[in-house]
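Structure file start-v5.json (JSON, C-alpha atoms) is printed below.
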[["chain", "number", "residue", "atom", "x", "y", "z"],
["A", 1, "MET", "CA", -6.40, -16.60, -20.14],
["A", 2, "PHE", "CA", -5.37, -16.98, -16.54],
["A", 3, "ALA", "CA", -2.76, -19.48, -15.48],
["A", 4, "ASP", "CA", -3.80, -22.45, -13.44],
["A", 5, "PRO", "CA", -3.08, -21.71, -9.71],
["A", 6, "ALA", "CA", -2.19, -25.35, -9.14],
["A", 7, "GLN", "CA", 0.32, -25.23, -11.98],
["A", 8, "LEU", "CA", 1.83, -22.00, -10.57],
["A", 9, "LEU", "CA", 2.15, -23.59, -7.17],
["A", 10, "GLN", "CA", 3.74, -26.67, -8.66],
["A", 11, "ASP", "CA", 6.28, -24.57, -10.60],
["A", 12, "TRP", "CA", 7.07, -22.55, -7.49],
["A", 13, "VAL", "CA", 7.65, -25.69, -5.40],
["A", 14, "ARG", "CA", 9.84, -27.15, -8.16],
["A", 15, "SER", "CA", 11.92, -23.98, -8.34],
["A", 16, "LEU", "CA", 12.24, -23.81, -4.57],
["A", 17, "SER", "CA", 13.30, -27.44, -4.28],
["A", 18, "GLY", "CA", 15.84, -26.97, -7.08],
["A", 19, "TRP", "CA", 17.29, -23.90, -5.37],
["A", 20, "PHE", "CA", 17.47, -25.78, -2.10],
["A", 21, "LEU", "CA", 19.07, -28.94, -3.52],
["A", 22, "TYR", "CA", 21.42, -27.46, -6.09],
["A", 23, "TRP", "CA", 22.33, -24.07, -4.62],
["A", 24, "LEU", "CA", 21.85, -23.97, -0.84],
["A", 25, "VAL", "CA", 22.72, -27.54, 0.20],
["A", 26, "PRO", "CA", 26.12, -27.70, -1.58],
["A", 27, "ARG", "CA", 27.15, -24.39, -0.03],
["A", 28, "LEU", "CA", 26.04, -25.51, 3.41],
["A", 29, "ILE", "CA", 28.05, -28.72, 3.04],
["A", 30, "ARG", "CA", 31.15, -26.79, 1.97],
["A", 31, "SER", "CA", 30.67, -24.39, 4.89],
["A", 32, "VAL", "CA", 30.52, -27.28, 7.34],
["A", 33, "LEU", "CA", 33.68, -28.75, 5.81],
["A", 34, "ILE", "CA", 35.43, -25.38, 6.17],
["A", 35, "LEU", "CA", 34.48, -25.23, 9.85],
["A", 36, "LEU", "CA", 35.72, -28.79, 10.41],
["A", 37, "VAL", "CA", 39.06, -28.02, 8.75],
["A", 38, "VAL", "CA", 39.40, -24.84, 10.82],
["A", 39, "ARG", "CA", 38.69, -26.82, 13.97],
["A", 40, "VAL", "CA", 41.40, -29.35, 13.12],
["A", 41, "ILE", "CA", 43.91, -26.57, 12.37],
["A", 42, "GLN", "CA", 42.97, -24.86, 15.62],
["A", 43, "SER", "CA", 43.66, -27.98, 17.69],
["A", 44, "TRP", "CA", 46.94, -28.51, 15.86],
["A", 45, "SER", "CA", 48.01, -24.90, 16.40],
["A", 46, "GLU", "CA", 47.30, -25.12, 20.14],
["A", 47, "SER", "CA", 49.64, -28.10, 20.46],
["A", 48, "LEU", "CA", 52.26, -26.20, 18.45],
["A", 49, "TRP", "CA", 52.02, -23.18, 20.75],
["A", 50, "ARG", "CA", 52.47, -25.42, 23.79],
["A", 51, "ASN", "CA", 55.58, -26.93, 22.25],
["A", 52, "TRP", "CA", 57.02, -23.57, 21.20],
["A", 53, "LEU", "CA", 56.38, -21.94, 24.57],
["A", 54, "SER", "CA", 57.38, -24.92, 26.69],
["A", 55, "PRO", "CA", 60.85, -23.44, 27.50],
["A", 56, "VAL", "CA", 59.25, -20.36, 29.10],
["A", 57, "LEU", "CA", 56.20, -21.98, 30.69],
["A", 58, "VAL", "CA", 58.28, -22.96, 33.71],
["A", 59, "GLY", "CA", 59.22, -19.68, 35.35],
["A", 60, "ALA", "CA", 62.59, -19.03, 36.94],
["A", 61, "ARG", "CA", 61.03, -17.59, 40.08],
["A", 62, "GLU", "CA", 59.43, -19.56, 42.89],
["A", 63, "ARG", "CA", 55.64, -19.68, 42.79],
["A", 64, "THR", "CA", 52.80, -21.47, 44.47],
["A", 65, "PRO", "CA", 51.16, -24.17, 42.31],
["A", 66, "HIS", "CA", 48.17, -21.89, 41.71],
["A", 67, "GLN", "CA", 50.40, -19.01, 40.58],
["A", 68, "ALA", "CA", 52.40, -21.30, 38.30],
["A", 69, "VAL", "CA", 49.23, -22.64, 36.64],
["A", 70, "PHE", "CA", 47.85, -19.11, 36.19],
["A", 71, "ARG", "CA", 51.08, -17.93, 34.54],
["A", 72, "ARG", "CA", 51.06, -20.87, 32.12],
["A", 73, "GLN", "CA", 47.45, -20.16, 31.25],
["A", 74, "LEU", "CA", 48.20, -16.48, 30.65],
["A", 75, "LEU", "CA", 51.18, -17.29, 28.42],
["A", 76, "LEU", "CA", 49.09, -19.69, 26.35],
["A", 77, "THR", "CA", 45.90, -17.64, 26.25],
["A", 78, "VAL", "CA", 47.23, -14.75, 24.18],
["A", 79, "PRO", "CA", 48.77, -16.65, 21.21],
["A", 80, "VAL", "CA", 46.07, -19.33, 21.23],
["A", 81, "SER", "CA", 43.27, -16.75, 21.29],
["A", 82, "LEU", "CA", 44.85, -14.72, 18.49],
["A", 83, "THR", "CA", 45.21, -17.87, 16.39],
["A", 84, "ARG", "CA", 41.57, -18.79, 17.04],
["A", 85, "TRP", "CA", 40.35, -15.35, 15.97],
["A", 86, "LEU", "CA", 42.45, -15.37, 12.80],
["A", 87, "LEU", "CA", 41.16, -18.82, 11.88],
["A", 88, "PHE", "CA", 37.59, -17.74, 12.68],
["A", 89, "LEU", "CA", 37.87, -14.66, 10.47],
["A", 90, "GLY", "CA", 39.35, -16.79, 7.70],
["A", 91, "ALA", "CA", 36.47, -19.24, 8.00],
["A", 92, "ILE", "CA", 33.92, -16.40, 7.89],
["A", 93, "TRP", "CA", 35.60, -15.05, 4.75],
["A", 94, "LEU", "CA", 35.56, -18.43, 2.97],
["A", 95, "ILE", "CA", 31.96, -19.17, 3.96],
["A", 96, "ALA", "CA", 30.83, -15.72, 2.84],
["A", 97, "GLU", "CA", 32.47, -16.32, -0.54],
["A", 98, "GLN", "CA", 30.48, -19.54, -0.85],
["A", 99, "PHE", "CA", 27.33, -17.43, -0.69],
["A", 100, "ALA", "CA", 28.68, -14.85, -3.15],
["A", 101, "VAL", "CA", 28.98, -12.02, -0.63],
["A", 102, "PRO", "CA", 30.97, -9.17, -2.28],
["A", 103, "ARG", "CA", 34.51, -8.82, -0.97],
["A", 104, "GLU", "CA", 34.09, -5.09, -0.59],
["A", 105, "ILE", "CA", 31.31, -5.67, 1.93],
["A", 106, "LEU", "CA", 33.43, -8.21, 3.82],
["A", 107, "ILE", "CA", 36.41, -5.86, 4.01],
["A", 108, "PHE", "CA", 34.19, -3.02, 5.20],
["A", 109, "LEU", "CA", 32.58, -5.18, 7.89],
["A", 110, "PHE", "CA", 35.96, -6.46, 9.10],
["A", 111, "LEU", "CA", 37.40, -2.95, 9.30],
["A", 112, "LEU", "CA", 34.29, -1.70, 11.07],
["A", 113, "ALA", "CA", 34.44, -4.53, 13.62],
["A", 114, "PHE", "CA", 38.16, -3.88, 14.20],
["A", 115, "ALA", "CA", 37.56, -0.15, 14.72],
["A", 116, "LEU", "CA", 34.72, -0.82, 17.14],
["A", 117, "LEU", "CA", 36.90, -3.29, 19.03],
["A", 118, "LEU", "CA", 39.72, -0.77, 19.41],
["A", 119, "TRP", "CA", 37.29, 1.96, 20.41],
["A", 120, "SER", "CA", 35.45, -0.11, 23.02],
["A", 121, "ALA", "CA", 38.22, -2.36, 24.36],
["A", 122, "GLY", "CA", 41.51, -0.75, 23.37],
["A", 123, "ASP", "CA", 42.66, -0.34, 26.96],
["A", 124, "ARG", "CA", 41.73, -3.93, 27.78],
["A", 125, "LEU", "CA", 43.71, -5.19, 24.81],
["A", 126, "GLY", "CA", 46.69, -3.12, 25.96],
["A", 127, "ASP", "CA", 46.42, -4.64, 29.44],
["A", 128, "TRP", "CA", 46.13, -8.11, 27.92],
["A", 129, "PHE", "CA", 49.25, -7.83, 25.78],
["A", 130, "SER", "CA", 51.23, -6.07, 28.52],
["A", 131, "GLY", "CA", 50.32, -8.83, 30.97],
["A", 132, "PHE", "CA", 51.51, -11.41, 28.45],
["A", 133, "ALA", "CA", 54.82, -9.54, 28.04],
["A", 134, "MET", "CA", 55.32, -9.35, 31.82],
["A", 135, "ALA", "CA", 54.53, -13.04, 32.23],
["A", 136, "LEU", "CA", 56.96, -13.83, 29.43],
["A", 137, "ASP", "CA", 59.68, -11.76, 31.13],
["A", 138, "ASP", "CA", 58.85, -13.45, 34.45],
["A", 139, "CYS", "CA", 59.49, -10.14, 36.20],
["A", 140, "LEU", "CA", 56.65, -10.04, 38.73],
["A", 141, "ILE", "CA", 55.00, -12.44, 41.15],
["A", 142, "PRO", "CA", 52.65, -11.90, 44.09],
["A", 143, "GLY", "CA", 54.67, -10.83, 47.09],
["A", 144, "ASP", "CA", 56.99, -8.49, 45.20],
["A", 145, "HIS", "CA", 57.29, -4.98, 46.57],
["A", 146, "LEU", "CA", 56.48, -2.28, 43.99],
["A", 147, "GLU", "CA", 57.27, 1.39, 43.84],
["A", 148, "LEU", "CA", 55.07, 3.29, 41.41],
["A", 149, "PRO", "CA", 54.27, 6.99, 41.07],
["A", 150, "SER", "CA", 50.75, 6.32, 42.33],
["A", 151, "VAL", "CA", 51.33, 3.71, 45.02],
["A", 152, "THR", "CA", 54.03, 1.88, 46.92],
["A", 153, "GLY", "CA", 53.22, -1.53, 48.31],
["A", 154, "GLU", "CA", 53.10, -5.29, 47.81],
["A", 155, "ALA", "CA", 51.63, -7.11, 44.82],
["A", 156, "VAL", "CA", 48.99, -9.39, 46.33],
["A", 157, "ARG", "CA", 47.12, -10.76, 43.31],
["A", 158, "TRP", "CA", 47.82, -11.13, 39.59],
["A", 159, "GLY", "CA", 44.74, -10.93, 37.37],
["A", 160, "SER", "CA", 44.14, -11.20, 33.64],
["A", 161, "PHE", "CA", 44.34, -7.46, 33.05],
["A", 162, "GLY", "CA", 46.17, -6.03, 36.06],
["A", 163, "VAL", "CA", 47.68, -6.49, 39.51],
["A", 164, "SER", "CA", 46.17, -5.76, 42.90],
["A", 165, "VAL", "CA", 48.67, -3.91, 45.09],
["A", 166, "LYS", "CA", 48.34, -3.54, 48.85],
["A", 167, "GLY", "CA", 49.65, -0.11, 49.71],
["A", 168, "ASP", "CA", 51.79, 0.68, 52.71],
["A", 169, "ASP", "CA", 48.67, 2.19, 54.33],
["A", 170, "GLY", "CA", 46.75, -1.09, 53.92],
["A", 171, "ARG", "CA", 44.53, -0.02, 51.02],
["A", 172, "ILE", "CA", 44.18, -2.17, 47.91],
["A", 173, "PHE", "CA", 44.91, -0.57, 44.53],
["A", 174, "TYR", "CA", 44.28, -2.08, 41.11],
["A", 175, "ILE", "CA", 47.05, -1.28, 38.62],
["A", 176, "PRO", "CA", 46.41, -2.16, 34.94],
["A", 177, "PHE", "CA", 49.21, -4.02, 33.18],
["A", 178, "ARG", "CA", 49.71, -1.34, 30.51],
["A", 179, "ILE", "CA", 50.55, 1.20, 33.25],
["A", 180, "LEU", "CA", 52.59, -1.28, 35.23],
["A", 181, "TYR", "CA", 54.61, -2.29, 32.19],
["A", 182, "GLN", "CA", 55.56, 1.28, 31.29],
["A", 183, "GLN", "CA", 57.06, 2.26, 34.64],
["A", 184, "ILE", "CA", 57.78, -0.27, 37.37],
["A", 185, "LEU", "CA", 60.36, -0.70, 40.10],
["A", 186, "ILE", "CA", 60.42, -4.11, 41.76],
["A", 187, "ILE", "CA", 62.33, -3.90, 45.02],
["A", 188, "GLY", "CA", 62.10, -7.61, 45.70],
["A", 189, "LYS", "CA", 60.06, -10.21, 47.50],
["A", 190, "GLN", "CA", 59.28, -9.11, 51.01],
["A", 191, "THR", "CA", 60.32, -11.57, 53.67],
["A", 192, "ALA", "CA", 59.73, -9.36, 56.67],
["A", 193, "ALA", "CA", 57.76, -6.35, 57.73],
["A", 194, "THR", "CA", 60.55, -4.11, 56.47],
["A", 195, "GLU", "CA", 62.44, -4.17, 53.21],
["A", 196, "PRO", "CA", 65.72, -6.13, 53.12],
["A", 197, "PRO", "CA", 68.92, -4.08, 53.06],
["A", 198, "PRO", "CA", 70.39, -3.21, 49.64],
["A", 199, "SER", "CA", 73.25, -5.65, 50.16],
["A", 200, "SER", "CA", 70.92, -8.59, 50.72],
["A", 201, "PRO", "CA", 71.31, -11.22, 47.95],
["A", 202, "SER", "CA", 67.55, -11.74, 47.90],
["A", 203, "THR", "CA", 66.98, -8.20, 46.75],
["A", 204, "ARG", "CA", 66.39, -7.74, 43.06],
["A", 205, "SER", "CA", 65.46, -4.56, 41.29],
["A", 206, "LEU", "CA", 64.10, -4.02, 37.86],
["A", 207, "LYS", "CA", 63.13, -0.65, 36.48],
["A", 208, "ARG", "CA", 61.39, 0.15, 33.26],
["A", 209, "ALA", "CA", 61.03, 3.80, 32.43],
["A", 210, "GLY", "CA", 61.43, 4.94, 28.89],
["A", 211, "GLY", "CA", 63.34, 1.78, 27.96],
["A", 212, "GLU", "CA", 66.00, 2.07, 30.72],
["A", 213, "THR", "CA", 66.67, -1.07, 32.75],
["A", 214, "GLY", "CA", 68.84, -1.20, 35.86]]
As C-alpha cells - that is how I would like this structure written.
Amino acid sequence: MFADPAQLLQDWVRSLSGWFLYWLVPRLIRSVLILLVVRVIQSWSESLWRNWLSPVLVGARERTPHQAVFRRQLLLTVPVSLTRWLLFLGAIWLIAEQFAVPREILIFLFLLAFALLLWSAGDRLGDWFSGFAMALDDCLIPGDHLELPSVTGEAVRWGSFGVSVKGDDGRIFYIPFRILYQQILIIGKQTAATEPPPSSPSTRSLKRAGGETG
C-alpha cells in the first residue's frame, strides 16, 4: 500500500519547519549575539589602544599636520587591526561551534589560511610591522637624508609599506620598511642644498646595522 503523497508532503513540511524553528533559528540568534558582543569589544579595545598609545602619538620631531596625522594613523592601525582580526577569528570559531563544525576542521582551516597569508603577503606584513616600529621610534620623517647601500638621498614620502627616496641624481626609489629598518643611516634633515657640517647641532645620526646604534 502506497503512502499518501499529501501526507508525505505534510510530514516533510512539518519536519522542515521544526528544523528551522528549533535548530536553525536559535543558532542564528546566538550567532548574531556573538557578532554584537564582538563589535562592542572591538569598539572598547580601539579606545583602549588610543589611551595606551597616547604618550607616543605626539612625535618628538617636527612634522606638517598631514605627516602628524599619518603617523598617528599608522601607530593605531597595526594594534587595532590585529585586535580586529583576533576578535573576528574568535567570533568565527564560536559561530562554527554553534553549527557543530568539528574543531579539527576549524584548526586545519585556520592553519591553512595563516600559511597562505604568509606565503602570499609575508613581505607586506614585514613592511607593515617594520613601519610601525619605525613610527614608534620616531626615527624618520620626510626630509631626512638617508644613506643606504642601494641609494643615497632624501626621504620625500612615507607610505604604509615603505618610503620614497629621492636620490642624489634626482631619481625616485621606493624602499620597503623591512629593508629600511634593518640598515639605515639618517644624516639629518636637509636645510640646504648641501649637508650640514658634522658639528652642526641640527645634525642627528642614527644607524641600525646588526643591532648597533650610534
Do you have the atom CA of A:Ser45-atom CA of A:Arg72 distance handy?
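It comes out at 16.5 Å.
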Please provide the set of residues having any atom within 8 Å of stretch 95-101 of chain A, restricted to all atoms listed in the file, with same-chain residues fewer than 3 positions apart removed, written as a PyMOL selection string.
chain A and resi 27+30-31+34+91-92+105-106
Could you list, as a VMD selection string, every residue within 8 Å of stretch 158-172 of chain A, counting all atoms listed in the file and ignoring same-chain residues fewer than 4 positions away?
chain A and resid 74 124 127 to 128 131 141 to 142 151 to 154 176 to 177
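Among the candidates A:Val38, A:Ser120, A:Asp138, A:Val58, the one nearest to A:Gly90 when counting only C-alpha atoms is A:Val38.
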Please write as a VMD selection string the list of polymer residues whose atoms come within 12 Å of (50.3, -16.3, 18.8), counting only C-alpha atoms and keeping to the coordinates of the file.
chain A and resid 42 45 to 50 52 to 53 75 to 87 129 132
Write a file of the selected residues as a compact mmCIF listing (two decimals), in the coordinates of the input, keeping C-alpha atoms.
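Full text of result-v5.txt as output:
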# COMPACT_ATOMS: atom_id res chain seq x y z
CA GLN A 42 42.97 -24.86 15.62
CA SER A 45 48.01 -24.90 16.40
CA GLU A 46 47.30 -25.12 20.14
CA SER A 47 49.64 -28.10 20.46
CA LEU A 48 52.26 -26.20 18.45
CA TRP A 49 52.02 -23.18 20.75
CA ARG A 50 52.47 -25.42 23.79
CA TRP A 52 57.02 -23.57 21.20
CA LEU A 53 56.38 -21.94 24.57
CA LEU A 75 51.18 -17.29 28.42
CA LEU A 76 49.09 -19.69 26.35
CA THR A 77 45.90 -17.64 26.25
CA VAL A 78 47.23 -14.75 24.18
CA PRO A 79 48.77 -16.65 21.21
CA VAL A 80 46.07 -19.33 21.23
CA SER A 81 43.27 -16.75 21.29
CA LEU A 82 44.85 -14.72 18.49
CA THR A 83 45.21 -17.87 16.39
CA ARG A 84 41.57 -18.79 17.04
CA TRP A 85 40.35 -15.35 15.97
CA LEU A 86 42.45 -15.37 12.80
CA LEU A 87 41.16 -18.82 11.88
CA PHE A 129 49.25 -7.83 25.78
CA PHE A 132 51.51 -11.41 28.45
